[in-house]
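A.B. asks: Structure below; questions to follow.
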2 protein chains.
Amino acid sequence: MFETAELGQKVSKSDFRKQGLELWRALLEVQRQVRDYGRFPILIDFAGVHGAGKGTTVNLLNKWMDPRWIITRAYGQPTDGERTRPMYWKFWRDLPPRGRIGLYLSGRYSDPLLDYVYRRISDVEFKQALERINTLERTLADDGALILKFWMHLGRDAQKVRLSALENDPLEKWQVTKEDWRHWEMYDRFIEAAEILITRTNTGQSPWHIVEGEDYNYRSLTVGEIIRDAMASQLEVHQLNAELRRERHKRAVAEEAEAAGDDENTDAGQHRSRTIFDGLDMSKRITKKEYRHAVKRLSGELNTLHREALKKKISTVLVFEGPDAAGKGGIIRRMTSTLDAQNCDVIAVSAPSEDELKYNYLWRFWRHLPRAGYMTVFDRSWYGRVLVERVEKLAATDEWERAYAEIIDFEDQLVEQGVVLLKFWINVTKAEQKRRFDARLAAPHKRWKLTEEDWRNRDQWDSYCLAAHEMIQKTNTGVTPWRIVEGNNKPYARVKVMEIVSQHLAEAVAGNASGD
Amino acid sequence: MFETAELGQKVSKSDFRKQGLELWRALLEVQRQVRDYGRFPILIDFAGVHGAGKGTTVNLLNKWMDPRWIITRAYGQPTDGERTRPMYWKFWRDLPPRGRIGLYLSGRYSDPLLDYVYRRISDVEFKQALERINTLERTLADDGALILKFWMHLGRDAQKVRLSALENDPLEKWQVTKEDWRHWEMYDRFIEAAEILITRTNTGQSPWHIVEGEDYNYRSLTVGEIIRDAMASQLEVHQLNAELRRERHKRAVAEEAEAAGDDENTDAGQHRSRTIFDGLDMSKRITKKEYRHAVKRLSGELNTLHREALKKKISTVLVFEGPDAAGKGGIIRRMTSTLDAQNCDVIAVSAPSEDELKYNYLWRFWRHLPRAGYMTVFDRSWYGRVLVERVEKLAATDEWERAYAEIIDFEDQLVEQGVVLLKFWINVTKAEQKRRFDARLAAPHKRWKLTEEDWRNRDQWDSYCLAAHEMIQKTNTGVTPWRIVEGNNKPYARVKVMEIVSQHLAEAVAGNASGD
């Protein structure tokens, strides 16, 4: 594999001057086009042998392009904020928005590689870590991102020469540490690991480019040209795909209109739209007295447990989904009012902002993940992708279909990190929703809560039910099950939720973080 | 997850008669369209709880569609041919060609599921097996295949009722074995396994559909409608994608023409096209005497080793790539002439036939994999995807780019199965090729070997070199390294190849099947 990058490739000074200048202009121009287009981010990763020019290449790219639209990150020892959150949190945080470029040194590949080299993880664990990276890259690439990965290479002897040269230069000496020499002695082990890493993650969507790093001129031109060509090509593919998507959307809308006009078709299958919600006993209720009693008890429990979880650095993520006026907000307020607001965030999720739209839909949820011991409550969540975005056709079919797997992967990562993740579906009947809407209309101080959108959503009741039914089918796992809460009686729903949270926090704090 | 399929969904007899007839017509029609279009295969898998109607559904689909264009396979105990070949061989063998439908019972999901349920494999191994399935499905879906997976479900109690009912019916009694009852007692374990299986393999490209299996009418209509809609939608997406691809191809050709006209651009980068082949010592040669001596010795060795390998059921796959007139054929003839032709196949790979084009490019190689102990020699191979198909633009960029990962996965499967896989690149210089071409022209009995295509390929020498260079970069792994053979001197090349084969066969036979 790497023999192909130990050929002694060189570019002369005069060639470099001439071609470098051309490349500089071309990169600036394609960067401007990508930024103006503003529909996809670019992630460029540098890995490889120490001394092969990762750092200098990143510097040069910041010169050859407009650095205002570039994010450059070199990951070292994790900061406090990073260490106390799920592993990939920092990579999501540092994603470039659409139209911009992220350059990464010692990024997501660094830890698995070193862990494997130092035998801190097994062969199987290494491959699993790489599979996780593949999943992340697939999620981003499916969403349009351009992902480029460079392995900057030096042969064993070339690295020795390079490290010695650096060491003998008083101005560069700092670049070579004892660890670098120790790594050099482990050269073969590194190369073995790199080979596994590259073959396992060299996908069509995010390929590796192996670049010979001995000659500054050669490697700079090579990397720059690959980036230039890839950006231009991605721009073109994207524009064509956008046309395709528009065309598909147009046809889908036309077909739907046609189907809607065809009464017979609408009838067919109607009686097969029974959902899991139909089987719920929605008459469940408790008395006011029972409610007061239970809330008092549960408030005390939750307060104590939350403080213990904080001490033990056990984070909690609560997810609430359900129809409009199901009472999600009330449940959340009732429950969190007993907790210390300093370490409990409630995130009310509405339509993504213009800024948020510049990222993958999962990005804004990753941002809000709690640090160790804290709690985040999501009032609506990433499940919007397969609910409102699906029903309102804000996401294309292929987008929401693949979201089930993306969401499961996301939640798996939280659970693996020891986060207590609980998902609630607060259910109300269509009639009860109507009653609540009417009540809001009648009460001037509550009327603001009711928007035109709520009525429009109500019209789509059946579509939402089917989408929620499928959501539960596809994402109700043993590890992160959905808790379906009968919500027609608000006191009943509040107590049920608080009880479930209390029970699971108690288990987690007692060191038994397993699910049901 | 499965609660959503335990709702007691039913369709009345009269509704079924009416809707079933409509569906029947629609399925026939969409099947005809897909067949006429002829560009993508359809794979439909049935898994689920015994008694939930997998078999009857497959029968009904064979009635609702034209069975001449359907392949139906139910896998039971492996046949001799299956057991002696790599695990996935049978699935590749049974792929439907483009335009046709494959219906599978107890297919690729069956073994991992049962192995996990019976604790014959660990949690990690189960997930790895599922990841392998994902890779297969991705390979096929990327290539355009429509993949549908149905989990036919029954609740625990419903299954008991169903099994008892079958048992009490003299005509159906045979369907219920003791094993079925044992499995029923392990119901929870099956469901736990199924949940892992479905969440891990429920991708956007090949989603699972969970169908309640209690009512014949309901499940039949549900499955049929999903298939009807998916086929129609795939047809549409395909047609739009084909437009997109054509458009992209047109632009690429135009750009290339433009670049070719621009001399400056052509110059730039030219001196950076140094490849791994430039560093070879192509003057290596041996004398006639040395050759005769070596061949005699190696022939004896190879013959013995091949017979031992046969006894020990160790299969061998040899791959030969290299420029036209590199001498691949001569090497292969020289080597195989000493072997028993009965258990050694030589497959000369040329452009795929019309029939072969109806499958994924890997299909025709899977077919020819040797049974246990046999040898298959590929004179050119699956690497054509990243060589001739890339250079001649027979494969689109995204197709050959993702082929590296597909090929590595394919070869990994062979090696895991204990196959001795050796890949040879027989190299000749451009001058030596010219000399051989001229010699062929001069000798009437050899002239037929030289086609116009050979001269055209020669014109593309540099492009082929670069493609081969990248191929070696991306697929030269520790497990399946490329052996580069200096081929200007034919005797030297023949002996070198025979020596490598002999050495690795000896290691494998001695129980040490590791690579270099």
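Identifiers in this document derive from the order of the structure tokens: chains are assigned A, B, ..., residues are numbered from 1 separately in each chain, and ligands are numbered from 1 in order of occurrence.
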Extract, using only C-alpha atoms, all DNA, RNA and protein residues at most 7 Å from stretch 328-334 of chain A, discarding same-chain residues fewer than 4 positions from it, and format them as an MDAnalysis selection string.

C.D. replies: chainID A and resid 320 379 426 494

A.B. asks: Just the residues within 10 Å of A:Lys63, please, counting only C-alpha atoms, with nothing from its chain fewer than 6 positions along; format it as a list of chain:residue names.

C.D. replies: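 Selected residues are A:Trp24, A:Leu28, A:Thr57.
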
A.B. asks: Go ahead and write the selection's residues with C-alpha atoms as a PDB file, in the first residue's frame.

C.D. replies:
```
ATOM      1  CA  TRP A  24      -3.655  29.202  -5.502  1.00  0.00           C
ATOM      2  CA  LEU A  28      -9.597  30.597  -4.150  1.00  0.00           C
ATOM      3  CA  THR A  57       0.081  21.571   4.429  1.00  0.00           C
TER       4      THR A  57
END
```

A.B. asks: Would you mind writing down, as a PyMOL selection string, each residue of stretch 23-215 of chain B that DSSP on the backbone assigns to helix (DSSP H, G or I)?

C.D. replies: chain B and resi 23-37+54-64+67-69+80-83+89-93+110-117+123-142+156-168+173-175+178-185+187-201

A.B. asks: Near chain B, which residues of chain A fall within 6 Å when you count only C-alpha atoms, and what do they look like as a list in words?

C.D. replies: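 Matching residues, ligands excluded from the count: Met1, Thr4, Thr203, Gly204, Ile276, Glu401, Arg402, Ala405, Gln473 and Asn476 of chain A.
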
A.B. asks: Output C-alpha atoms of each residue in that selection to a file, as an mmCIF file, in the first residue's frame.

C.D. replies:
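To be explicit, this is the file written out as out14.cif:
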```cif
data_model
loop_
_atom_site.group_PDB
_atom_site.id
_atom_site.type_symbol
_atom_site.label_atom_id
_atom_site.label_comp_id
_atom_site.auth_asym_id
_atom_site.auth_seq_id
_atom_site.Cartn_x
_atom_site.Cartn_y
_atom_site.Cartn_z
ATOM 1 C CA MET A 1 0.000 0.000 0.000
ATOM 2 C CA THR A 4 3.442 3.646 -3.794
ATOM 3 C CA THR A 203 -15.165 4.075 0.964
ATOM 4 C CA GLY A 204 -16.437 5.475 -2.290
ATOM 5 C CA ILE A 276 -50.164 0.954 18.138
ATOM 6 C CA GLU A 401 -35.751 6.528 5.658
ATOM 7 C CA ARG A 402 -32.076 6.409 6.438
ATOM 8 C CA ALA A 405 -30.347 3.957 11.336
ATOM 9 C CA GLN A 473 -41.589 0.215 15.174
ATOM 10 C CA ASN A 476 -38.152 0.990 19.943
#
```

A.B. asks: Running DSSP on the backbone, which parts of stretch 338-476 of chain B land in strand (DSSP E or B), as a count of residues only?

C.D. replies: 18

A.B. asks: Need the shell around A:Lys313: protein/DNA/RNA residues with any atom at most 8 Å away, counting only C-alpha atoms. Skip same-chain ones fewer than 2 positions apart. Format as a list in words?

C.D. replies: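 These residues fall inside the cut-off: Ala309, Leu310, Lys311, Ser315, Ala372, Gly373 and Tyr374 of chain A.
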
A.B. asks: Of the candidates A:Lys393, A:Arg219, A:Arg17, A:Lys423, which shows the shortest atom-to-atom distance to A:Val377, using only C-alpha atoms?

C.D. replies: A:Lys423

A.B. asks: What is the distance between atom CA of B:Lys434 and atom CA of B:Asn457, in Å to one decimal?

C.D. replies: 11.9 Å

A.B. asks: Give the answer as one residue: which of A:Ala396, A:Met87, A:Ile70, A:Ala242 has the shortest atom-to-atom distance to A:Pro41, using only C-alpha atoms?

C.D. replies: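 Answer, going by the shortest atom-to-atom distance: A:Ile70.
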
A.B. asks: Residues within 12 Å of A:Glu185, please, as a VMD selection string. Count only C-alpha atoms; anything in the same chain fewer than 5 positions from it doesn't count.

C.D. replies: chain A and resid 117 156 to 157 159 to 160 178 to 180 190 to 191

A.B. asks: For those residues, write N, CA and C atoms to a file as a short mmCIF file (atom, residue, chain, number, x, y, z; two decimals), in the first residue's frame.

C.D. replies:
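Written out: part_0.cif:
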```cif
data_model
loop_
_atom_site.label_atom_id
_atom_site.label_comp_id
_atom_site.auth_asym_id
_atom_site.auth_seq_id
_atom_site.Cartn_x
_atom_site.Cartn_y
_atom_site.Cartn_z
N VAL A 117 -2.19 0.81 18.14
CA VAL A 117 -0.73 0.68 18.12
C VAL A 117 -0.21 0.31 19.50
N ARG A 156 10.23 4.52 6.37
CA ARG A 156 10.92 4.45 7.67
C ARG A 156 12.23 5.23 7.66
N ASP A 157 13.04 5.04 6.63
CA ASP A 157 14.32 5.73 6.57
C ASP A 157 14.11 7.23 6.36
N GLN A 159 11.68 8.98 7.31
CA GLN A 159 11.23 9.63 8.54
C GLN A 159 12.42 9.90 9.47
N LYS A 160 13.34 8.94 9.52
CA LYS A 160 14.51 9.13 10.37
C LYS A 160 15.30 10.35 9.93
N LYS A 178 10.71 13.12 22.47
CA LYS A 178 11.14 11.74 22.72
C LYS A 178 10.09 10.76 22.21
N GLU A 179 8.82 11.15 22.37
CA GLU A 179 7.73 10.28 21.93
C GLU A 179 7.83 10.03 20.42
N ASP A 180 8.22 11.08 19.67
CA ASP A 180 8.33 10.91 18.23
C ASP A 180 9.35 9.84 17.88
N PHE A 190 2.92 0.97 13.43
CA PHE A 190 2.08 2.06 12.94
C PHE A 190 1.57 1.77 11.52
N ILE A 191 2.48 1.29 10.70
CA ILE A 191 2.12 1.05 9.30
C ILE A 191 1.09 -0.08 9.20
#
```

A.B. asks: What's the 12 Å shell around A:Val388, counting only C-alpha atoms, without same-chain residues fewer than 5 positions away, as a ChimeraX atom specification?

C.D. replies: /A:321-324,349-352,380-383,393-396,400,453-454,456-458,460-461,463-468,471

A.B. asks: Fewer than 6 positions away in the same chain doesn't count, so skip those; otherwise give me all residues within 12 Å of A:Thr287, counting only C-alpha atoms, as a ChimeraX atom specification.

C.D. replies: /A:293-294,489-492,495

A.B. asks: To one decimal in Å, tell me the separation between atom CA of A:Asn427 and atom CA of A:Arg285.

C.D. replies: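 These atoms are spaced 13.3 Å apart.
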
A.B. asks: Leaving out A:Gly55 and any residue of its chain fewer than 3 positions from it, which residues lie within 10 Å of it when counting only C-alpha atoms, given as a PyMOL selection string?

C.D. replies: chain A and resi 46-47+50-52+58-61+74+104-105
